[in-house]
Structures are given as C-alpha cells and as structure tokens.
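Participant: query10.pdb is reproduced below (PDB, C-alpha atoms).
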ATOM      1  CA  MET A   1      93.743 103.179  71.352
ATOM      2  CA  ALA A   2      92.478 106.235  73.179
ATOM      3  CA  THR A   3      93.347 109.593  71.665
ATOM      4  CA  THR A   4      93.734 111.440  74.962
ATOM      5  CA  ALA A   5      97.214 112.189  76.200
ATOM      6  CA  PRO A   6      98.775 114.097  79.092
ATOM      7  CA  VAL A   7      99.907 117.670  78.585
ATOM      8  CA  PRO A   8     103.500 117.783  77.309
ATOM      9  CA  VAL A   9     106.102 118.517  79.969
ATOM     10  CA  LYS A  10     107.760 121.922  79.875
ATOM     11  CA  GLY A  11     111.175 122.558  81.354
ATOM     12  CA  ASP A  12     114.894 122.627  80.795
ATOM     13  CA  GLY A  13     115.860 119.367  82.483
ATOM     14  CA  PRO A  14     117.423 116.359  80.774
ATOM     15  CA  ALA A  15     115.285 114.976  77.957
ATOM     16  CA  ARG A  16     115.034 111.527  79.559
ATOM     17  CA  ASP A  17     113.657 113.072  82.761
ATOM     18  CA  ARG A  18     111.072 115.134  80.876
ATOM     19  CA  VAL A  19     109.913 112.092  78.922
ATOM     20  CA  TYR A  20     109.783 110.010  82.096
ATOM     21  CA  ALA A  21     107.728 112.628  83.967
ATOM     22  CA  TRP A  22     105.334 113.040  81.043
ATOM     23  CA  LEU A  23     104.744 109.311  80.701
ATOM     24  CA  ARG A  24     104.573 108.722  84.466
ATOM     25  CA  ASP A  25     101.952 111.430  85.007
ATOM     26  CA  GLY A  26      99.987 110.252  81.988
ATOM     27  CA  ILE A  27      99.911 106.703  83.323
ATOM     28  CA  ILE A  28      99.016 107.819  86.861
ATOM     29  CA  SER A  29      96.184 110.050  85.644
ATOM     30  CA  GLY A  30      94.829 107.402  83.295
ATOM     31  CA  ALA A  31      95.363 109.477  80.147
ATOM     32  CA  LEU A  32      97.684 106.650  79.106
ATOM     33  CA  GLU A  33      95.426 103.793  80.131
ATOM     34  CA  GLY A  34      96.330 100.281  81.228
ATOM     35  CA  GLY A  35      96.866  97.926  78.313
ATOM     36  CA  ARG A  36      97.810 100.677  75.873
ATOM     37  CA  PHE A  37     100.911 100.222  73.720
ATOM     38  CA  LEU A  38     103.293 103.179  73.595
ATOM     39  CA  ASP A  39     105.194 103.779  70.373
ATOM     40  CA  GLU A  40     108.666 105.328  70.657
ATOM     41  CA  LEU A  41     108.164 107.483  67.586
ATOM     42  CA  TRP A  42     104.811 108.792  68.817
ATOM     43  CA  VAL A  43     106.188 109.666  72.265
ATOM     44  CA  SER A  44     109.268 111.370  70.837
ATOM     45  CA  GLY A  45     107.082 113.441  68.509
ATOM     46  CA  VAL A  46     104.633 114.528  71.206
ATOM     47  CA  VAL A  47     107.281 115.433  73.778
ATOM     48  CA  GLY A  48     109.679 116.864  71.207
ATOM     49  CA  VAL A  49     112.772 114.752  71.862
ATOM     50  CA  SER A  50     114.784 112.090  70.050
ATOM     51  CA  ARG A  51     114.020 108.396  70.486
ATOM     52  CA  THR A  52     117.032 107.729  72.726
ATOM     53  CA  PRO A  53     115.630 109.474  75.844
ATOM     54  CA  VAL A  54     112.299 107.778  75.166
ATOM     55  CA  ARG A  55     113.996 104.376  75.369
ATOM     56  CA  GLU A  56     115.763 105.453  78.572
ATOM     57  CA  ALA A  57     112.458 106.559  80.078
ATOM     58  CA  PHE A  58     110.844 103.268  79.051
ATOM     59  CA  HIS A  59     113.493 101.267  80.917
ATOM     60  CA  ARG A  60     113.024 103.372  84.054
ATOM     61  CA  LEU A  61     109.255 102.966  83.894
ATOM     62  CA  GLU A  62     109.637  99.222  83.412
ATOM     63  CA  ALA A  63     111.836  99.028  86.515
ATOM     64  CA  GLU A  64     109.105 100.858  88.452
ATOM     65  CA  ARG A  65     106.467  98.463  87.064
ATOM     66  CA  PHE A  66     104.518 101.088  85.159
ATOM     67  CA  ILE A  67     105.048  99.420  81.788
ATOM     68  CA  SER A  68     106.110  96.075  80.376
ATOM     69  CA  LEU A  69     108.627  95.902  77.512
ATOM     70  CA  LEU A  70     107.489  93.065  75.283
ATOM     71  CA  PRO A  71     109.682  91.559  72.528
ATOM     72  CA  ARG A  72     108.530  92.650  69.051
ATOM     73  CA  LYS A  73     105.538  94.460  70.559
ATOM     74  CA  GLY A  74     107.037  97.409  72.419
ATOM     75  CA  ALA A  75     106.022  99.112  75.643
ATOM     76  CA  GLN A  76     102.639  98.325  77.173
ATOM     77  CA  VAL A  77     101.143 100.199  80.133
ATOM     78  CA  ARG A  78     100.564  97.821  83.034
ATOM     79  CA  THR A  79      97.091  97.606  84.541
ATOM     80  CA  VAL A  80      96.683  98.260  88.267
ATOM     81  CA  THR A  81      95.513  95.092  89.997
ATOM     82  CA  ALA A  82      93.912  94.462  93.364
ATOM     83  CA  ARG A  83      97.074  92.684  94.490
ATOM     84  CA  GLU A  84      99.189  95.743  93.731
ATOM     85  CA  LEU A  85      96.736  97.936  95.657
ATOM     86  CA  GLU A  86      96.920  95.617  98.656
ATOM     87  CA  GLU A  87     100.731  95.479  98.571
ATOM     88  CA  VAL A  88     101.058  99.265  98.345
ATOM     89  CA  TYR A  89      98.666  99.650 101.287
ATOM     90  CA  GLN A  90     100.634  97.087 103.326
ATOM     91  CA  SER A  91     103.887  98.943 102.666
ATOM     92  CA  ARG A  92     102.303 102.244 103.599
ATOM     93  CA  ARG A  93     100.936 100.857 106.855
ATOM     94  CA  LEU A  94     104.411  99.766 107.921
ATOM     95  CA  ILE A  95     106.008 103.161 107.265
ATOM     96  CA  GLU A  96     103.117 105.443 108.215
ATOM     97  CA  GLY A  97     102.284 103.403 111.294
ATOM     98  CA  HIS A  98     105.815 103.754 112.626
ATOM     99  CA  ALA A  99     105.796 107.483 111.868
ATOM    100  CA  LEU A 100     102.477 107.976 113.659
ATOM    101  CA  GLY A 101     103.808 106.238 116.744
ATOM    102  CA  GLU A 102     106.890 108.452 116.784
ATOM    103  CA  VAL A 103     104.950 111.691 116.278
ATOM    104  CA  CYS A 104     102.422 110.890 118.972
ATOM    105  CA  ALA A 105     105.087 109.692 121.422
ATOM    106  CA  ALA A 106     106.977 112.949 120.916
ATOM    107  CA  ARG A 107     103.714 114.843 121.540
ATOM    108  CA  ALA A 108     104.616 117.005 118.546
ATOM    109  CA  GLY A 109     101.011 117.548 117.475
ATOM    110  CA  ALA A 110      99.641 117.407 113.953
ATOM    111  CA  PRO A 111     101.661 119.040 111.152
ATOM    112  CA  GLU A 112     100.145 122.451 110.380
ATOM    113  CA  GLU A 113      99.626 121.780 106.667
ATOM    114  CA  LEU A 114      97.262 118.832 107.167
ATOM    115  CA  ALA A 115      94.073 120.847 107.602
ATOM    116  CA  GLY A 116      94.736 122.888 104.475
ATOM    117  CA  LEU A 117      95.467 119.772 102.425
ATOM    118  CA  ILE A 118      92.127 118.281 103.449
ATOM    119  CA  GLU A 119      90.343 121.391 102.193
ATOM    120  CA  GLU A 120      92.281 121.319  98.915
ATOM    121  CA  MET A 121      91.314 117.671  98.456
ATOM    122  CA  ASP A 122      87.669 118.557  98.985
ATOM    123  CA  ARG A 123      87.844 121.197  96.232
ATOM    124  CA  ALA A 124      89.667 118.911  93.801
ATOM    125  CA  GLY A 125      87.185 116.135  94.555
ATOM    126  CA  ARG A 126      84.227 118.337  93.697
ATOM    127  CA  GLU A 127      85.841 118.803  90.282
ATOM    128  CA  ARG A 128      86.478 115.044  90.051
ATOM    129  CA  ASP A 129      90.158 115.710  89.407
ATOM    130  CA  TRP A 130      91.438 112.390  90.722
ATOM    131  CA  PHE A 131      95.027 113.120  89.718
ATOM    132  CA  ALA A 132      95.011 116.256  91.893
ATOM    133  CA  VAL A 133      93.179 114.488  94.724
ATOM    134  CA  SER A 134      95.668 111.626  94.746
ATOM    135  CA  GLY A 135      98.606 114.029  94.787
ATOM    136  CA  LEU A 136      97.152 115.963  97.706
ATOM    137  CA  ASP A 137      96.378 112.736  99.544
ATOM    138  CA  ARG A 138      99.993 111.687  99.174
ATOM    139  CA  ARG A 139     101.201 115.059 100.470
ATOM    140  CA  PHE A 140      98.914 114.640 103.500
ATOM    141  CA  HIS A 141     100.369 111.283 104.448
ATOM    142  CA  ARG A 142     103.944 112.241 103.589
ATOM    143  CA  ALA A 143     103.705 115.214 105.943
ATOM    144  CA  ILE A 144     103.018 112.769 108.773
ATOM    145  CA  VAL A 145     105.964 110.565 107.784
ATOM    146  CA  ASP A 146     108.237 113.600 107.499
ATOM    147  CA  ALA A 147     107.141 114.830 110.933
ATOM    148  CA  ALA A 148     108.672 111.706 112.491
ATOM    149  CA  GLY A 149     112.090 113.218 111.710
ATOM    150  CA  ASN A 150     113.634 110.088 110.178
ATOM    151  CA  SER A 151     115.117 111.100 106.830
ATOM    152  CA  VAL A 152     115.825 107.505 105.773
ATOM    153  CA  LEU A 153     112.206 106.567 106.462
ATOM    154  CA  THR A 154     111.001 109.561 104.433
ATOM    155  CA  GLU A 155     113.277 108.619 101.528
ATOM    156  CA  LEU A 156     111.949 105.066 101.638
ATOM    157  CA  TYR A 157     108.396 106.371 101.647
ATOM    158  CA  ASP A 158     109.165 108.546  98.636
ATOM    159  CA  THR A 159     110.015 105.457  96.586
ATOM    160  CA  LEU A 160     106.308 104.561  96.774
ATOM    161  CA  ARG A 161     105.223 107.937  95.408
ATOM    162  CA  SER A 162     104.241 107.093  91.851
ATOM    163  CA  ARG A 163     102.677 103.709  92.570
ATOM    164  CA  GLN A 164     100.893 105.121  95.623
ATOM    165  CA  GLN A 165      99.350 107.887  93.531
ATOM    166  CA  ARG A 166      98.402 105.603  90.650
ATOM    167  CA  VAL A 167      96.675 103.148  92.991
ATOM    168  CA  ALA A 168      94.794 106.057  94.597
ATOM    169  CA  VAL A 169      93.549 107.309  91.213
ATOM    170  CA  ARG A 170      92.245 103.858  90.288
ATOM    171  CA  ALA A 171      90.545 103.441  93.667
ATOM    172  CA  LEU A 172      88.820 106.826  93.307
ATOM    173  CA  GLU A 173      87.733 106.030  89.762
ATOM    174  CA  ALA A 174      86.253 102.752  90.978
ATOM    175  CA  ARG A 175      84.441 104.263  93.988
ATOM    176  CA  PRO A 176      84.279 108.078  93.771
ATOM    177  CA  GLU A 177      81.528 108.122  96.395
ATOM    178  CA  ARG A 178      84.155 107.215  99.010
ATOM    179  CA  LEU A 179      85.741 110.673  98.881
ATOM    180  CA  PRO A 180      83.680 112.098 101.802
ATOM    181  CA  ILE A 181      84.579 109.000 103.841
ATOM    182  CA  ILE A 182      88.268 109.537 103.105
ATOM    183  CA  ALA A 183      87.990 113.197 104.153
ATOM    184  CA  ALA A 184      86.270 112.242 107.412
ATOM    185  CA  GLU A 185      88.958 109.652 108.163
ATOM    186  CA  HIS A 186      91.651 112.252 107.497
ATOM    187  CA  ARG A 187      90.039 114.675 109.953
ATOM    188  CA  ARG A 188      89.766 112.008 112.671
ATOM    189  CA  LEU A 189      93.404 111.102 112.096
ATOM    190  CA  VAL A 190      94.462 114.739 112.522
ATOM    191  CA  ASP A 191      92.454 114.951 115.759
ATOM    192  CA  ALA A 192      94.135 111.821 117.136
ATOM    193  CA  ILE A 193      97.611 113.123 116.307
ATOM    194  CA  ALA A 194      96.814 116.503 117.857
ATOM    195  CA  ALA A 195      95.688 114.727 121.030
ATOM    196  CA  HIS A 196      98.857 112.541 121.038
ATOM    197  CA  GLU A 197      96.672 109.406 120.986
ATOM    198  CA  GLY A 198      99.037 106.960 119.316
ATOM    199  CA  GLU A 199      96.919 103.817 119.647
ATOM    200  CA  SER A 200      93.831 105.586 118.348
ATOM    201  CA  ALA A 201      95.798 107.038 115.436
ATOM    202  CA  LEU A 202      97.108 103.586 114.495
ATOM    203  CA  ARG A 203      93.600 102.100 114.571
ATOM    204  CA  LEU A 204      92.378 104.911 112.333
ATOM    205  CA  LEU A 205      95.263 104.356 109.926
ATOM    206  CA  ASP A 206      94.499 100.637 109.716
ATOM    207  CA  GLN A 207      90.893 101.465 108.888
ATOM    208  CA  HIS A 208      91.922 104.143 106.396
ATOM    209  CA  LEU A 209      94.301 101.861 104.498
ATOM    210  CA  ARG A 210      92.114  98.790 104.404
ATOM    211  CA  PRO A 211      91.392  97.478 100.895
ATOM    212  CA  VAL A 212      87.724  98.217 100.149
ATOM    213  CA  PRO A 213      86.056  95.064  98.775
ATOM    214  CA  GLU A 214      84.208  96.967  96.048
ATOM    215  CA  VAL A 215      87.454  98.536  94.819
ATOM    216  CA  VAL A 216      89.270  95.191  94.945
ATOM    217  CA  SER A 217      86.468  93.625  92.930
ATOM    218  CA  ALA A 218      86.526  96.446  90.353
ATOM    219  CA  LEU A 219      90.300  96.134  89.811
ATOM    220  CA  GLY A 220      90.497  92.373  89.535
ATOM    221  CA  ARG A 221      93.207  90.115  90.897
ATOM    222  CA  GLY A 222      95.495  90.339  87.862
TER     223      GLY A 222
END
Output the file's structure in the form of structure tokens.

Facilitator:
Amino acid sequence: MATTAPVPVKGDGPARDRVYAWLRDGIISGALEGGRFLDELWVSGVVGVSRTPVREAFHRLEAERFISLLPRKGAQVRTVTARELEEVYQSRRLIEGHALGEVCAARAGAPEELAGLIEEMDRAGRERDWFAVSGLDRRFHRAIVDAAGNSVLTELYDTLRSRQQRVAVRALEARPERLPIIAAEHRRLVDAIAAHEGESALRLLDQHLRPVPEVVSALGRG
C-alpha cells in the first residue's frame, strides 16, 4: 500500500461531505491508487471524523463507481479501464456536441474564459500537475456546455464531473506528451466557435474526444 494520501479537507460542511470530497479528490489525483483497500478506521483518523460518515461516503463513492465494497474485505478503489474512458468520451460527445451546435447556431461566439483556461492549463502542465490540468480541462468544456443555455443539459453534464476528471488524469499519466496536442485542439475549437462554424467545431470535438490507442493500451480493457 502506498503511503501517499491527499491533503485533508478543511471546512465546516457535513462530515460525510468532507470525507467524500477528500476520498474523491484522492482517487481522482491518484494519491489513492486503483486497487488500494481503504480502511474505515484509517480514513476516519486522517480526516478527523467518526466512522459513520466514512461509511456514508463509501456508499456514495460506490454508487459513483469509484470504489467497490467487497464482503469481508472492505472498500477497494476501482481501476480506470479503457472501456470506462471510451464510455465517458461517448457521453461527453453527445452533450458537448449538442451544446456546440447550439452555441454556433446562435452565433454567440466563444465564452470569454476559454482563452484564459487554456493558458492556465499550459502552466499546470509544465508543473505536471495532472489533477489541476484535468480540472481546468473540465472547466473549459463545461463553459461551452453552459453557454448553450440549457440548464438541464448542464446539470446532466455535471454528473460526469468526477469520472471525467479521473479519466483525464489517467490519460495524461499514460501519455503526458499529448498535452501540447490537447492545447492546440482547444485553440482550434475556440477559433471555430468564434467563427460560428458549427460543422467544423463538431469535427474538432470528435477528433479531440477520440480514444488514443496508446492510452487505451496503457489502461487495459478491464
């Protein structure tokens, strides 16, 4: 078992939410690696809560497919597989593709924050902070979905948040040299949105969200 662990969560929210956020971010970042068993007593001691909110957080994380609760063994962090990556990308294409079409048809232009997010991603990438990069990448794409003005669609997209970010971290760990390619694709996507070129934007999105064979191979089918 690795000795690294995410930084304990600070805040005044409900204990179950603090435990959940701490475990979720640790799993996304890889500090709590796939295959690792999580002990209730250890988690409660690190986060500074009783075991009851830990159990509640475990059940929520199991429902979101971050961990598996195994009889007589406890909670085990699930490993990201190539199939999960492909399914997350397929779901994103459906939602983001619709949003792109709406934004371009409305000739609304590219959301102002996109350019700044690309620059922030570049800086985080130079530091190889994949957790930060993945979070910024999600904010980039969510801004496009939000710009479509469909609150139900945005809420649906938000349900992918944690799995989307975890998949992104694993993909970057597997092929960190792809970061400049991702940045270039982001810039071309912004240009297409700014020019109201819906078909071009959709083609770019399809290319951007294609499963890269080398990443698929590194993750394994599961």

Participant: Write out as a ChimeraX atom specification each polymer residue whose atoms come within 6 Å of range 163-167 of chain A, counting only C-alpha atoms; drop sequence neighbours fewer than 4 positions from it.

Facilitator: /A:28,85,134

Participant: Report the residues retrieved by the PyMOL selection byres ((chain A and resi 144) around 8) from the displayed file, expressed as a PDB file with C-alpha atoms, in the frame of the given file.

Facilitator:
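File expr.pdb, as written:
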ATOM      1  CA  GLU A  96     103.117 105.443 108.215  1.00  0.00           C
ATOM      2  CA  ALA A  99     105.796 107.483 111.868  1.00  0.00           C
ATOM      3  CA  LEU A 100     102.477 107.976 113.659  1.00  0.00           C
ATOM      4  CA  VAL A 103     104.950 111.691 116.278  1.00  0.00           C
ATOM      5  CA  ALA A 110      99.641 117.407 113.953  1.00  0.00           C
ATOM      6  CA  PRO A 111     101.661 119.040 111.152  1.00  0.00           C
ATOM      7  CA  PHE A 140      98.914 114.640 103.500  1.00  0.00           C
ATOM      8  CA  HIS A 141     100.369 111.283 104.448  1.00  0.00           C
ATOM      9  CA  ARG A 142     103.944 112.241 103.589  1.00  0.00           C
ATOM     10  CA  ALA A 143     103.705 115.214 105.943  1.00  0.00           C
ATOM     11  CA  VAL A 145     105.964 110.565 107.784  1.00  0.00           C
ATOM     12  CA  ASP A 146     108.237 113.600 107.499  1.00  0.00           C
ATOM     13  CA  ALA A 147     107.141 114.830 110.933  1.00  0.00           C
ATOM     14  CA  ALA A 148     108.672 111.706 112.491  1.00  0.00           C
TER      15      ALA A 148
END

Participant: Expand the PyMOL selection byres ((chain A and resi 180-187) around 8) into the individual residues it matches in the shown file, reporting them as JSON, numbers by chain.

Facilitator: {"A": [115, 118, 121, 122, 177, 178, 179, 188, 189, 190, 191, 204, 208]}

Participant: Mind telling me what the PyMOL selection byres ((chain A and resi 29) around 8) catches here, as a PyMOL selection string?

Facilitator: chain A and resi 25-28+30-32+130-131+166+169

Participant: Expressed in Å to a single decimal, how great is the separation between CA of Glu112 in chain A and CA of Ala194 in chain A?

Facilitator: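 Taking CA of Glu112 in chain A and CA of Ala194 in chain A, their separation equals 10.1 Å.
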
Participant: Counting all atoms listed in the file, write as number ranges by chain all protein and nucleic acid residues lying at most 9 Å from (100.6, 102.8, 73.6) in the file's frame.

Facilitator: A: 1-2, 32-33, 35-40, 42-43, 74-77

Participant: Mind listing whatever residues come within 12 Å of the point (107.0, 108.6, 82.6)? Use only C-alpha atoms, file coordinates, and give them as a ChimeraX atom specification.

Facilitator: /A:6,8-9,15-29,31-32,38,43,47,53-67,75,77,162-163

Participant: Please give the centre and size of the box around range 99-106 of chain A (axis-aligned, containing every atom listed in the file, 3 Å added per side), with values in Å to one decimal and written as JSON.

Facilitator:
{"center_x": 104.7, "center_y": 109.6, "center_z": 116.6, "size_x": 10.6, "size_y": 12.7, "size_z": 15.6}

Participant: Could you jot down the CA of Val216 in chain A to CA of Glu199 in chain A separation for me, Å, one decimal place?

Facilitator: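 Answer for the CA of Val216 in chain A to CA of Glu199 in chain A separation: 27.3 Å.
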
Participant: May I ask which of the residues A:Leu114, A:Leu209, A:Val215, A:Ala108 is the closest one to Ala195 in chain A, counting only C-alpha atoms?

Facilitator: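 Among A:Leu114, A:Leu209, A:Val215, A:Ala108, it is A:Ala108 that comes nearest to Ala195 in chain A.
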
Participant: So which one's closest to Thr52 in chain A, A:Gly34, A:Pro14, A:Arg161, A:Leu172? Using all atoms listed in the file, please.

Facilitator: A:Pro14

Participant: Between A:Gly97, A:Gly13, A:Gly45, A:Pro71, which is the closest to Ala201 in chain A once you count only C-alpha atoms?

Facilitator: A:Gly97

Participant: Using Å and a single decimal, report how far CA of Val49 in chain A sits from CA of Lys73 in chain A.

Facilitator: 21.6 Å
